[in-house]
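K.L.:
Input final.tsv, format and content: TSV, C-alpha atoms.
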chain	number	residue	atom	x	y	z
A	1	MET	CA	-25.71	-49.87	-45.70
A	2	SER	CA	-23.94	-46.67	-44.78
A	3	GLY	CA	-20.83	-48.06	-46.46
A	4	THR	CA	-22.55	-48.30	-49.83
A	5	ALA	CA	-24.17	-44.90	-49.30
A	6	LEU	CA	-20.70	-43.43	-48.72
A	7	ALA	CA	-19.34	-45.24	-51.76
A	8	ASN	CA	-22.25	-43.93	-53.86
A	9	LEU	CA	-21.54	-40.40	-52.60
A	10	ALA	CA	-17.87	-40.79	-53.48
A	11	ASP	CA	-18.80	-42.03	-56.96
A	12	TRP	CA	-21.23	-39.16	-57.42
A	13	ILE	CA	-18.55	-36.63	-56.48
A	14	ARG	CA	-15.96	-38.30	-58.69
A	15	ASP	CA	-18.32	-38.34	-61.67
A	16	SER	CA	-19.44	-34.74	-61.23
A	17	SER	CA	-18.36	-32.27	-63.88
A	18	VAL	CA	-16.74	-29.99	-61.30
A	19	TYR	CA	-14.50	-32.78	-59.96
A	20	ARG	CA	-13.68	-33.98	-63.48
A	21	SER	CA	-12.69	-30.47	-64.47
A	22	ILE	CA	-10.13	-30.39	-61.62
A	23	VAL	CA	-8.90	-33.99	-61.60
A	24	ARG	CA	-8.76	-35.34	-65.12
A	25	HIS	CA	-7.57	-38.87	-64.50
A	26	GLY	CA	-9.66	-41.75	-63.13
A	27	SER	CA	-9.33	-43.18	-59.63
A	28	ALA	CA	-5.86	-44.41	-58.69
A	29	ASP	CA	-6.50	-48.09	-59.41
A	30	THR	CA	-4.06	-48.55	-62.28
A	31	ASN	CA	-0.33	-47.83	-62.42
A	32	ARG	CA	-0.99	-45.23	-65.10
A	33	ASN	CA	-3.52	-43.37	-62.97
A	34	ARG	CA	-1.29	-43.59	-59.89
A	35	SER	CA	1.43	-41.90	-61.91
A	36	LEU	CA	-1.02	-39.28	-63.15
A	37	VAL	CA	-1.95	-38.42	-59.55
A	38	ILE	CA	1.62	-37.22	-59.12
A	39	PHE	CA	2.22	-35.83	-62.60
A	40	GLU	CA	-0.91	-33.73	-62.80
A	41	ASN	CA	-0.63	-32.09	-59.40
A	42	LEU	CA	1.43	-28.93	-59.08
A	43	PHE	CA	2.30	-29.68	-55.47
A	44	LEU	CA	3.02	-33.41	-55.84
A	45	HIS	CA	4.93	-33.31	-59.11
A	46	VAL	CA	8.16	-32.28	-57.38
A	47	HIS	CA	8.10	-35.81	-55.96
A	48	PRO	CA	9.00	-38.98	-57.83
A	49	VAL	CA	6.12	-41.20	-58.92
A	50	LYS	CA	7.78	-44.30	-57.49
A	51	VAL	CA	10.35	-44.74	-54.75
A	52	ARG	CA	12.22	-47.87	-53.68
A	53	GLU	CA	10.87	-49.29	-50.48
A	54	LYS	CA	14.24	-49.39	-48.75
A	55	THR	CA	14.69	-45.64	-49.18
A	56	LEU	CA	11.72	-45.13	-46.87
A	57	ARG	CA	13.32	-47.05	-43.99
A	58	PHE	CA	14.34	-44.92	-41.02
A	59	THR	CA	17.95	-46.08	-41.06
A	60	HIS	CA	18.31	-45.14	-44.74
A	61	THR	CA	18.21	-41.36	-44.16
A	62	PHE	CA	17.17	-41.07	-40.49
A	63	TRP	CA	14.34	-38.93	-41.96
A	64	LEU	CA	16.42	-35.84	-41.19
A	65	GLY	CA	15.42	-33.86	-44.30
A	66	GLY	CA	11.80	-34.79	-43.63
A	67	ILE	CA	12.05	-33.71	-39.98
A	68	THR	CA	13.47	-30.36	-41.12
A	69	LEU	CA	10.72	-29.99	-43.73
A	70	VAL	CA	7.94	-30.78	-41.23
A	71	SER	CA	9.36	-28.35	-38.69
A	72	SER	CA	9.43	-25.64	-41.37
A	73	ILE	CA	5.76	-26.33	-42.17
A	74	ILE	CA	4.93	-26.01	-38.44
A	75	LEU	CA	6.89	-22.76	-38.40
A	76	PHE	CA	4.92	-21.32	-41.32
A	77	ALA	CA	1.59	-22.28	-39.73
A	78	THR	CA	2.38	-21.04	-36.21
A	79	GLY	CA	4.22	-17.99	-37.51
A	80	ILE	CA	1.20	-16.80	-39.50
A	81	LEU	CA	-0.97	-17.24	-36.40
A	82	LEU	CA	1.49	-15.31	-34.20
A	83	MET	CA	1.41	-12.42	-36.70
A	84	PHE	CA	-2.27	-11.82	-35.85
A	85	TYR	CA	-1.28	-10.58	-32.38
A	86	TYR	CA	2.12	-9.02	-32.98
A	87	HIS	CA	2.93	-5.36	-33.77
A	88	PRO	CA	6.53	-4.74	-34.84
A	89	SER	CA	6.86	-1.48	-32.89
A	90	VAL	CA	8.50	-0.26	-29.69
A	91	PRO	CA	7.42	-1.00	-26.98
A	92	GLN	CA	4.33	-2.80	-28.28
A	93	ALA	CA	6.34	-5.79	-29.55
A	94	TYR	CA	7.39	-6.81	-26.04
A	95	ILE	CA	3.86	-6.24	-24.69
A	96	ASP	CA	2.40	-8.36	-27.51
A	97	MET	CA	4.86	-11.14	-26.79
A	98	LYS	CA	3.84	-11.10	-23.11
A	99	GLU	CA	0.18	-10.97	-24.10
A	100	LEU	CA	0.65	-14.04	-26.31
A	101	GLN	CA	2.20	-15.84	-23.37
A	102	PHE	CA	-0.26	-14.88	-20.63
A	103	VAL	CA	-3.49	-13.57	-22.13
A	104	VAL	CA	-4.23	-14.97	-25.59
A	105	ASP	CA	-5.90	-18.39	-25.61
A	106	ASN	CA	-3.37	-21.04	-26.67
A	107	GLY	CA	-0.89	-18.22	-27.33
A	108	VAL	CA	1.82	-19.73	-25.18
A	109	TRP	CA	1.30	-23.06	-26.95
A	110	LEU	CA	1.69	-21.52	-30.41
A	111	ARG	CA	4.64	-19.36	-29.39
A	112	ASN	CA	6.46	-22.29	-27.83
A	113	LEU	CA	5.63	-24.49	-30.81
A	114	HIS	CA	7.18	-21.82	-33.05
A	115	ARG	CA	10.24	-21.53	-30.83
A	116	TRP	CA	10.91	-25.26	-30.43
A	117	SER	CA	10.25	-25.98	-34.09
A	118	ALA	CA	12.79	-23.28	-34.94
A	119	HIS	CA	15.36	-25.00	-32.74
A	120	LEU	CA	14.46	-28.37	-34.26
A	121	MET	CA	14.77	-26.97	-37.79
A	122	VAL	CA	18.28	-25.61	-37.18
A	123	PHE	CA	19.34	-28.79	-35.41
A	124	GLY	CA	17.71	-31.04	-38.02
A	125	SER	CA	19.27	-29.24	-40.98
A	126	PHE	CA	22.74	-29.53	-39.45
A	127	LEU	CA	22.25	-33.26	-38.81
A	128	HIS	CA	20.85	-33.63	-42.35
A	129	LEU	CA	23.98	-31.97	-43.74
A	130	ILE	CA	26.21	-34.28	-41.68
A	131	ARG	CA	24.20	-37.35	-42.75
A	132	VAL	CA	24.48	-36.39	-46.42
A	133	PHE	CA	28.22	-35.84	-45.99
A	134	TYR	CA	28.93	-39.18	-44.34
A	135	HIS	CA	26.72	-41.07	-46.81
A	136	ARG	CA	28.61	-39.33	-49.62
A	137	ALA	CA	25.26	-38.26	-51.02
A	138	TYR	CA	26.72	-34.95	-52.22
A	139	ARG	CA	28.56	-36.57	-55.13
A	140	PRO	CA	27.49	-36.40	-58.78
A	141	PRO	CA	24.79	-35.97	-59.88
A	142	ARG	CA	23.85	-34.31	-56.58
A	143	GLN	CA	26.52	-31.54	-56.34
A	144	PHE	CA	24.04	-28.85	-57.34
A	145	ASN	CA	21.54	-29.97	-54.72
A	146	TRP	CA	24.27	-29.84	-52.08
A	147	VAL	CA	24.81	-26.17	-52.96
A	148	ILE	CA	21.05	-25.50	-52.80
A	149	GLY	CA	21.08	-27.20	-49.41
A	150	VAL	CA	23.85	-24.91	-48.14
A	151	VAL	CA	21.80	-21.89	-49.28
A	152	LEU	CA	18.80	-23.33	-47.40
A	153	LEU	CA	20.95	-23.74	-44.28
A	154	LEU	CA	22.02	-20.08	-44.52
A	155	LEU	CA	18.40	-19.01	-45.00
A	156	THR	CA	17.41	-21.13	-41.98
A	157	LEU	CA	20.06	-19.44	-39.83
A	158	LEU	CA	19.03	-15.98	-41.07
A	159	LEU	CA	15.37	-16.75	-40.32
A	160	SER	CA	16.37	-17.94	-36.88
A	161	TYR	CA	18.46	-14.84	-36.28
A	162	THR	CA	15.89	-12.29	-37.53
A	163	GLY	CA	13.23	-13.98	-35.41
A	164	TYR	CA	15.48	-13.60	-32.38
A	165	LEU	CA	14.97	-9.79	-32.29
A	166	LEU	CA	11.19	-9.84	-32.52
A	167	PRO	CA	10.33	-10.42	-28.79
A	168	TRP	CA	12.21	-7.15	-28.13
A	169	ASP	CA	13.47	-8.30	-24.72
A	170	GLN	CA	16.97	-7.85	-23.30
A	171	LEU	CA	18.23	-11.08	-24.86
A	172	ALA	CA	16.92	-10.05	-28.29
A	173	PHE	CA	18.28	-6.51	-28.09
A	174	TRP	CA	21.80	-7.47	-27.06
A	175	GLY	CA	21.86	-10.54	-29.26
A	176	VAL	CA	21.20	-8.36	-32.29
A	177	SER	CA	23.57	-5.60	-31.07
A	178	VAL	CA	26.38	-8.14	-30.84
A	179	GLY	CA	25.45	-9.91	-34.09
A	180	THR	CA	25.28	-6.74	-36.18
A	181	ASN	CA	28.55	-5.52	-34.66
A	182	MET	CA	30.10	-8.76	-35.92
A	183	ALA	CA	28.70	-7.96	-39.39
A	184	LYS	CA	30.27	-4.48	-39.08
A	185	GLU	CA	33.73	-6.08	-38.98
A	186	ALA	CA	33.34	-7.41	-42.53
A	187	PRO	CA	35.83	-5.59	-44.78
A	188	LEU	CA	34.52	-2.64	-46.85
A	189	ILE	CA	30.82	-3.50	-46.87
A	190	GLY	CA	30.57	-4.15	-43.11
A	191	LYS	CA	29.57	-0.69	-41.91
A	192	PRO	CA	27.10	0.19	-44.69
A	193	LEU	CA	25.65	-3.31	-44.40
A	194	ARG	CA	25.00	-2.83	-40.68
A	195	PHE	CA	23.48	0.60	-41.33
A	196	LEU	CA	21.12	-0.81	-43.97
A	197	LEU	CA	20.24	-3.86	-41.88
A	198	LEU	CA	19.38	-1.78	-38.80
A	199	GLY	CA	18.03	1.23	-40.68
A	200	GLY	CA	20.24	3.39	-38.46
A	201	ASN	CA	23.30	3.35	-36.24
A	202	ILE	CA	21.69	1.70	-33.22
A	203	VAL	CA	19.28	-1.18	-32.68
A	204	SER	CA	16.04	0.81	-32.73
A	205	GLU	CA	12.47	0.69	-33.97
A	206	ASN	CA	13.72	0.81	-37.57
A	207	ALA	CA	15.76	-2.32	-36.94
A	208	LEU	CA	12.77	-4.10	-35.43
A	209	LEU	CA	10.62	-3.32	-38.47
A	210	ARG	CA	13.32	-4.35	-40.91
A	211	PHE	CA	13.97	-7.62	-39.13
A	212	TYR	CA	10.22	-8.22	-39.03
A	213	VAL	CA	9.83	-7.77	-42.79
A	214	LEU	CA	12.87	-9.95	-43.45
A	215	HIS	CA	11.60	-12.62	-41.04
A	216	CYS	CA	8.00	-12.70	-42.25
A	217	VAL	CA	8.25	-11.95	-45.98
A	218	VAL	CA	11.64	-11.78	-47.67
A	219	LEU	CA	13.39	-14.79	-46.15
A	220	PRO	CA	10.34	-17.13	-46.15
A	221	VAL	CA	9.72	-16.41	-49.86
A	222	ALA	CA	13.37	-17.13	-50.66
A	223	PHE	CA	13.19	-20.23	-48.49
A	224	ILE	CA	10.12	-21.62	-50.29
A	225	LEU	CA	11.75	-21.03	-53.69
A	226	PHE	CA	14.98	-22.80	-52.77
A	227	LEU	CA	13.13	-25.57	-50.92
A	228	SER	CA	11.02	-26.29	-54.02
A	229	VAL	CA	14.15	-26.59	-56.15
A	230	HIS	CA	15.81	-28.76	-53.47
A	231	ILE	CA	12.97	-31.30	-53.37
A	232	TRP	CA	12.46	-31.27	-57.13
A	233	ARG	CA	16.18	-32.00	-57.61
A	234	ILE	CA	15.87	-35.08	-55.38
A	235	ARG	CA	13.46	-36.52	-57.96
A	236	LYS	CA	15.64	-35.41	-60.87
A	237	ASP	CA	18.73	-36.98	-59.29
A	238	GLY	CA	17.05	-40.34	-58.77
A	239	GLY	CA	15.56	-40.15	-55.29
A	240	VAL	CA	17.15	-39.87	-51.88
A	241	GLN	CA	20.65	-41.28	-51.52
A	242	GLY	CA	21.19	-43.45	-48.48
A	243	PRO	CA	24.40	-45.18	-47.43
A	244	PRO	CA	26.61	-46.25	-50.37
A	245	GLU	CA	25.70	-49.77	-51.49
A	246	ASP	CA	29.07	-51.37	-50.87
A	247	PRO	CA	31.72	-48.84	-49.91
A	248	SER	CA	34.64	-51.25	-50.35
A	249	ALA	CA	33.67	-51.96	-53.98
A	250	GLU	CA	33.69	-48.28	-54.93
A	251	LYS	CA	36.41	-46.77	-57.02
A	252	GLY	CA	38.97	-44.91	-54.93
A	253	ALA	CA	37.93	-46.49	-51.63
A	254	PRO	CA	40.83	-47.70	-49.50
B	255	MET	CA	18.26	-4.32	-99.28
B	256	PRO	CA	18.60	-1.75	-96.52
B	257	GLU	CA	21.02	-4.07	-94.64
B	258	ASP	CA	23.39	-4.16	-97.60
B	259	ARG	CA	23.32	-0.40	-97.80
B	260	ALA	CA	24.04	-0.15	-94.06
B	261	LYS	CA	26.93	-2.58	-94.44
B	262	SER	CA	28.41	-0.65	-97.35
B	263	ARG	CA	28.29	2.53	-95.26
B	264	GLY	CA	30.05	0.73	-92.39
B	265	LEU	CA	27.06	1.10	-90.05
B	266	LEU	CA	26.56	-2.65	-89.68
B	267	SER	CA	29.53	-5.03	-89.52
B	268	GLU	CA	29.63	-8.13	-91.70
B	269	GLU	CA	29.41	-10.49	-88.74
B	270	GLU	CA	26.56	-8.79	-86.93
B	271	THR	CA	23.03	-9.23	-88.22
B	272	ARG	CA	20.25	-6.81	-87.47
B	273	ARG	CA	18.80	-9.41	-85.09
B	274	ASP	CA	22.09	-9.66	-83.16
B	275	PHE	CA	22.31	-5.89	-82.96
B	276	LEU	CA	18.76	-5.51	-81.63
B	277	THR	CA	19.34	-8.34	-79.15
B	278	ARG	CA	22.42	-6.54	-77.88
B	279	ILE	CA	20.48	-3.29	-77.52
B	280	GLY	CA	17.69	-5.12	-75.72
B	281	VAL	CA	19.99	-6.95	-73.30
B	282	GLY	CA	21.91	-3.72	-72.71
B	283	ALA	CA	18.68	-1.88	-71.87
B	284	CYS	CA	17.71	-4.65	-69.44
B	285	VAL	CA	21.11	-4.49	-67.72
B	286	VAL	CA	20.92	-0.69	-67.39
B	287	THR	CA	17.40	-0.97	-65.99
B	288	GLY	CA	18.44	-3.74	-63.59
B	289	VAL	CA	21.44	-1.83	-62.27
B	290	GLY	CA	19.34	1.31	-61.96
B	291	ALA	CA	16.64	-0.59	-60.06
B	292	ALA	CA	19.27	-2.08	-57.73
B	293	PHE	CA	20.71	1.36	-56.91
B	294	THR	CA	17.23	2.83	-56.49
B	295	LEU	CA	16.39	0.04	-54.05
B	296	LEU	CA	19.62	0.51	-52.09
B	297	ASP	CA	19.01	4.26	-51.95
B	298	TYR	CA	15.43	3.68	-50.81
B	299	MET	CA	16.57	1.35	-48.02
B	300	GLU	CA	18.86	4.02	-46.56
B	301	PRO	CA	16.90	6.15	-44.06
B	302	LYS	CA	17.24	9.92	-44.53
B	303	VAL	CA	16.03	10.99	-41.09
B	304	LEU	CA	17.06	9.11	-37.97
B	305	PHE	CA	15.21	9.43	-34.70
B	306	GLU	CA	18.26	8.66	-32.61
B	307	PRO	CA	19.56	10.55	-29.55
B	308	PRO	CA	21.54	13.68	-30.57
B	309	THR	CA	25.30	13.20	-30.29
B	310	LEU	CA	25.79	16.57	-28.55
B	311	PHE	CA	24.65	16.87	-24.93
B	312	ARG	CA	25.16	19.00	-21.80
B	313	ALA	CA	27.02	17.31	-19.00
B	314	GLY	CA	26.82	19.73	-16.08
B	315	ASN	CA	29.54	22.06	-14.82
B	316	LEU	CA	33.27	21.60	-14.60
B	317	ASN	CA	33.07	22.19	-10.83
B	318	ASP	CA	30.82	19.12	-10.46
B	319	PHE	CA	33.69	16.84	-11.39
B	320	PRO	CA	36.40	16.83	-8.72
B	321	GLU	CA	39.20	14.31	-9.09
B	322	GLY	CA	37.92	10.73	-9.01
B	323	THR	CA	34.30	11.48	-9.98
B	324	VAL	CA	32.71	8.99	-12.37
B	325	ARG	CA	29.30	9.78	-13.78
B	326	PHE	CA	27.40	7.60	-16.23
B	327	ASN	CA	24.97	9.12	-18.72
B	328	GLU	CA	22.72	6.22	-19.61
B	329	GLU	CA	20.97	7.74	-22.62
B	330	GLN	CA	24.21	8.87	-24.21
B	331	LYS	CA	26.19	5.77	-23.15
B	332	THR	CA	29.02	7.98	-21.88
B	333	TYR	CA	31.12	8.29	-18.73
B	334	ILE	CA	32.20	11.76	-17.62
B	335	LEU	CA	35.15	11.63	-15.26
B	336	GLY	CA	37.10	14.04	-13.11
B	337	ALA	CA	40.79	13.73	-13.99
B	338	ALA	CA	43.67	13.50	-11.55
B	339	GLY	CA	45.08	17.01	-11.10
B	340	GLY	CA	41.88	18.70	-12.28
B	341	GLY	CA	39.97	18.76	-15.53
B	342	VAL	CA	37.40	16.42	-17.05
B	343	TYR	CA	37.26	13.87	-19.82
B	344	ALA	CA	34.54	11.71	-21.35
B	345	LEU	CA	34.71	8.03	-22.24
B	346	SER	CA	32.39	6.08	-24.49
B	347	ALA	CA	30.60	3.36	-22.48
B	348	VAL	CA	30.17	1.18	-25.57
B	349	CYS	CA	32.42	-1.86	-25.32
B	350	THR	CA	34.90	-1.99	-28.20
B	351	HIS	CA	34.43	-5.75	-28.46
B	352	LEU	CA	30.86	-6.17	-29.73
B	353	GLY	CA	29.00	-3.07	-28.63
B	354	CYS	CA	27.43	-3.95	-25.26
B	355	ILE	CA	27.11	-1.17	-22.67
B	356	THR	CA	29.76	-1.35	-19.96
B	357	ARG	CA	29.20	-0.61	-16.27
B	358	TYR	CA	31.39	1.16	-13.71
B	359	LEU	CA	32.15	-1.07	-10.71
B	360	SER	CA	32.99	1.44	-7.96
B	361	SER	CA	34.10	-1.28	-5.52
B	362	GLU	CA	36.82	-2.45	-7.90
B	363	GLY	CA	37.44	0.84	-9.67
B	364	VAL	CA	37.05	-0.69	-13.13
B	365	ILE	CA	34.66	-0.44	-16.06
B	366	ALA	CA	33.33	-3.91	-16.89
B	367	CYS	CA	31.31	-5.31	-19.78
B	368	PRO	CA	28.56	-7.80	-18.87
B	369	CYS	CA	28.51	-9.57	-22.23
B	370	HIS	CA	31.94	-11.16	-22.62
B	371	GLY	CA	33.89	-10.00	-19.54
B	372	SER	CA	36.06	-7.20	-20.95
B	373	ARG	CA	37.47	-4.80	-18.33
B	374	PHE	CA	38.83	-1.29	-18.67
B	375	ASP	CA	40.55	1.10	-16.27
B	376	LEU	CA	39.22	4.62	-15.74
B	377	GLU	CA	41.28	5.94	-18.66
B	378	GLY	CA	39.64	3.42	-20.94
B	379	ASN	CA	42.68	1.14	-21.28
B	380	VAL	CA	41.93	-2.56	-21.67
B	381	VAL	CA	42.73	-4.40	-18.42
B	382	HIS	CA	41.19	-7.69	-19.47
B	383	GLY	CA	40.12	-8.98	-22.91
B	384	PRO	CA	38.47	-9.80	-25.24
B	385	ALA	CA	38.07	-6.08	-26.07
B	386	PRO	CA	40.62	-5.29	-28.82
B	387	HIS	CA	40.82	-1.50	-28.31
B	388	PRO	CA	40.64	0.97	-25.40
B	389	LEU	CA	37.37	2.87	-24.87
B	390	PRO	CA	37.37	5.96	-27.12
B	391	TRP	CA	37.79	9.39	-25.54
B	392	LEU	CA	35.02	11.78	-26.55
B	393	GLU	CA	35.27	15.48	-27.20
B	394	VAL	CA	34.38	17.71	-24.21
B	395	LYS	CA	34.06	21.49	-24.49
B	396	ALA	CA	33.44	24.06	-21.79
B	397	ASP	CA	32.09	27.59	-22.09
B	398	ALA	CA	33.38	30.56	-20.06
B	399	SER	CA	31.40	29.62	-16.95
B	400	GLY	CA	32.51	25.97	-17.11
B	401	ASN	CA	29.34	24.38	-18.56
B	402	LEU	CA	30.32	21.17	-20.30
B	403	LEU	CA	29.25	20.03	-23.75
B	404	VAL	CA	30.09	16.45	-24.82
B	405	ASP	CA	29.94	15.19	-28.40
B	406	THR	CA	29.68	11.40	-28.67
B	407	GLY	CA	30.17	11.65	-32.42
B	408	ARG	CA	33.73	13.03	-32.09
B	409	THR	CA	36.61	11.06	-30.63
B	410	ILE	CA	39.78	12.77	-29.44
B	411	PRO	CA	43.28	11.42	-28.78
B	412	HIS	CA	43.62	9.19	-25.74
B	413	GLY	CA	44.66	11.12	-22.62
B	414	LYS	CA	43.61	14.60	-23.73
B	415	VAL	CA	42.03	15.93	-20.53
B	416	LEU	CA	40.02	19.18	-20.72
B	417	LYS	CA	41.57	21.69	-18.33
B	418	VAL	CA	40.38	25.23	-17.82
Write out the structure in this file as structure tokens.

P.N.:
Amino acid sequence: MSGTALANLADWIRDSSVYRSIVRHGSADTNRNRSLVIFENLFLHVHPVKVREKTLRFTHTFWLGGITLVSSIILFATGILLMFYYHPSVPQAYIDMKELQFVVDNGVWLRNLHRWSAHLMVFGSFLHLIRVFYHRAYRPPRQFNWVIGVVLLLLTLLLSYTGYLLPWDQLAFWGVSVGTNMAKEAPLIGKPLRFLLLGGNIVSENALLRFYVLHCVVLPVAFILFLSVHIWRIRKDGGVQGPPEDPSAEKGAP
Amino acid sequence: MPEDRAKSRGLLSEEETRRDFLTRIGVGACVVTGVGAAFTLLDYMEPKVLFEPPTLFRAGNLNDFPEGTVRFNEEQKTYILGAAGGGVYALSAVCTHLGCITRYLSSEGVIACPCHGSRFDLEGNVVHGPAPHPLPWLEVKADASGNLLVDTGRTIPHGKVLKV
């Protein structure tokens, strides 16, 4: 009884003019409509319409790119929530971090989720890079996507590093002092680069604000752009590449 | 045709059409604008006023520093030391390796960095790596009554003790 009522409700929604104005294809009961579900959706169309079943198996890719992607989604969600309680100023940043840990409801949960997902994302992207290398999945036509992936790895490390300063504790302060002094050793551009990065000669309030803006706006926007291209290229290059079919049969193999 | 007239006067070359010329002008304008925007942005990102500790500071009187005295000014990250045979000199407390603040260990008579284990003697010479350079000597001045003025922004040659 309730089953048919629910089905009637679903039909009523699907036949309504509002729904039809958003989703223009029928329900996904034909191959054509299943394809249209992907084609006609801005967010889904970076994916292929069909994938081979074996490419979904765990041992095919170890799901490393997926693990990295999911951890980045967790980071976006928890990061936005952390921003509601965080002021990028001295000494309020440290106080806010402590407040998130000890006062705010579920604050310690969100902060730790953000922290551990960040570790997982760095770890996962390195393993993903190694997996792609050993499966020789960087070869044509995927060379361009390899380069995009390297840019994403750099962005991941920069996000990780800029986030490191934000708690404004001893570890953060000296970590960034040491890191920016390393940048200073770069020939010619090192010193001006450090000055611009810190907004001064020492790690101060200016540096905290600059790292905050980089961490919360500039780098995430760049990351989303490159990530979109990365995933779209997987579709364009014929889906994910697992282990080579038969390595001994390949040209140039020993 | 105005184009033919322009060509005959040498204003427009045979190979270049009006469209090519305008495209070149347009692209050129975009490049100029882009470069200008990049420099404007760089200029904007450079702070004009810095709220950092002043580099010049008073460090007490010459008579306060008998031989063997080591005083650490935390805010200025500077040691002021009494030299053997009289006089004073100032050492930067910023480790020359990666910029951590060193600490004077009186029991061992060395300046040590907590970050990566560099050690310096009281003249700033490296005793133990990884620091690549000795600690810089900073300029110390004294007025007629022996009041000391240290400038952390000015380094002086190693071993130049202020004697009055």

K.L.:
Within 10 Å of chain B, which residues of chain A are there when counting only C-alpha atoms? Please give them as JSON, numbers by chain.

P.N.:
{"A": [173, 174, 175, 177, 178, 179, 180, 181, 182, 184, 185, 192, 195, 196, 197, 198, 199, 200, 201, 202, 203, 204, 205, 206, 210]}

K.L.:
For the contact check between segment 277-362 of chain B and segment 382-402 of chain B, emit one row per residue of segment 277-362 of chain B within 8 Å, containing the shortest atom pair and the distance in Å rounded to one decimal, counting only C-alpha atoms, chain then rising number order, as JSON lines.

P.N.:
{"residue": "B:Arg312", "atom": "CA", "partner": "B:Leu402", "partner_atom": "CA", "distance": 5.8}
{"residue": "B:Ala313", "atom": "CA", "partner": "B:Leu402", "partner_atom": "CA", "distance": 5.2}
{"residue": "B:Gly314", "atom": "CA", "partner": "B:Leu402", "partner_atom": "CA", "distance": 5.7}
{"residue": "B:Asn315", "atom": "CA", "partner": "B:Asn401", "partner_atom": "CA", "distance": 4.4}
{"residue": "B:Leu316", "atom": "CA", "partner": "B:Gly400", "partner_atom": "CA", "distance": 5.1}
{"residue": "B:Asn317", "atom": "CA", "partner": "B:Gly400", "partner_atom": "CA", "distance": 7.4}
{"residue": "B:Val342", "atom": "CA", "partner": "B:Val394", "partner_atom": "CA", "distance": 7.9}
{"residue": "B:Tyr343", "atom": "CA", "partner": "B:Val394", "partner_atom": "CA", "distance": 6.5}
{"residue": "B:Ala344", "atom": "CA", "partner": "B:Leu392", "partner_atom": "CA", "distance": 5.2}
{"residue": "B:Leu345", "atom": "CA", "partner": "B:Trp391", "partner_atom": "CA", "distance": 4.7}
{"residue": "B:Ser346", "atom": "CA", "partner": "B:Pro390", "partner_atom": "CA", "distance": 5.6}
{"residue": "B:Ala347", "atom": "CA", "partner": "B:Leu389", "partner_atom": "CA", "distance": 7.2}
{"residue": "B:Val348", "atom": "CA", "partner": "B:Leu389", "partner_atom": "CA", "distance": 7.4}
{"residue": "B:Cys349", "atom": "CA", "partner": "B:Leu389", "partner_atom": "CA", "distance": 6.9}
{"residue": "B:Thr350", "atom": "CA", "partner": "B:Ala385", "partner_atom": "CA", "distance": 5.6}
{"residue": "B:His351", "atom": "CA", "partner": "B:Ala385", "partner_atom": "CA", "distance": 4.4}

K.L.:
Okay, now the selection with C-alpha atoms, as a CSV table (one decimal), keeping the file's coordinate frame?

P.N.:
chain,number,residue,atom,x,y,z
B,312,ARG,CA,25.2,19.0,-21.8
B,313,ALA,CA,27.0,17.3,-19.0
B,314,GLY,CA,26.8,19.7,-16.1
B,315,ASN,CA,29.5,22.1,-14.8
B,316,LEU,CA,33.3,21.6,-14.6
B,317,ASN,CA,33.1,22.2,-10.8
B,342,VAL,CA,37.4,16.4,-17.0
B,343,TYR,CA,37.3,13.9,-19.8
B,344,ALA,CA,34.5,11.7,-21.4
B,345,LEU,CA,34.7,8.0,-22.2
B,346,SER,CA,32.4,6.1,-24.5
B,347,ALA,CA,30.6,3.4,-22.5
B,348,VAL,CA,30.2,1.2,-25.6
B,349,CYS,CA,32.4,-1.9,-25.3
B,350,THR,CA,34.9,-2.0,-28.2
B,351,HIS,CA,34.4,-5.8,-28.5

K.L.:
Using all atoms listed in the file - which residues lie no farther than 8 Å from the point (28.2, 9.2, -23.9) in the file's frame? Write them as an MDAnalysis selection string.

P.N.:
chainID B and resid 326:334 344:347 392 404:406

K.L.:
Excluding segment 144-155 of chain A and any residue of its chain fewer than 2 positions from it, enumerate the residues within 8 Å of it, using all atoms listed in the file, and give them as a ChimeraX atom specification.

P.N.:
/A:122,125-126,129,138,141-142,157-159,219,222-223,226-227,229-230,233-234

K.L.:
Please provide as a PyMOL selection string all residues within 12 Å of segment 104-106 of chain A, with the sequence filter that same-chain residues fewer than 2 positions apart are discarded (counting all atoms listed in the file).

P.N.:
chain A and resi 78+81-82+84-86+95-102+108-113

K.L.:
With C-alpha atoms retained, export the selected residues as a short mmCIF file (atom, residue, chain, number, x, y, z; two decimals), in the coordinates of the input.

P.N.:
data_model
loop_
_atom_site.label_atom_id
_atom_site.label_comp_id
_atom_site.auth_asym_id
_atom_site.auth_seq_id
_atom_site.Cartn_x
_atom_site.Cartn_y
_atom_site.Cartn_z
CA THR A 78 2.38 -21.04 -36.21
CA LEU A 81 -0.97 -17.24 -36.40
CA LEU A 82 1.49 -15.31 -34.20
CA PHE A 84 -2.27 -11.82 -35.85
CA TYR A 85 -1.28 -10.58 -32.38
CA TYR A 86 2.12 -9.02 -32.98
CA ILE A 95 3.86 -6.24 -24.69
CA ASP A 96 2.40 -8.36 -27.51
CA MET A 97 4.86 -11.14 -26.79
CA LYS A 98 3.84 -11.10 -23.11
CA GLU A 99 0.18 -10.97 -24.10
CA LEU A 100 0.65 -14.04 -26.31
CA GLN A 101 2.20 -15.84 -23.37
CA PHE A 102 -0.26 -14.88 -20.63
CA VAL A 108 1.82 -19.73 -25.18
CA TRP A 109 1.30 -23.06 -26.95
CA LEU A 110 1.69 -21.52 -30.41
CA ARG A 111 4.64 -19.36 -29.39
CA ASN A 112 6.46 -22.29 -27.83
CA LEU A 113 5.63 -24.49 -30.81
#
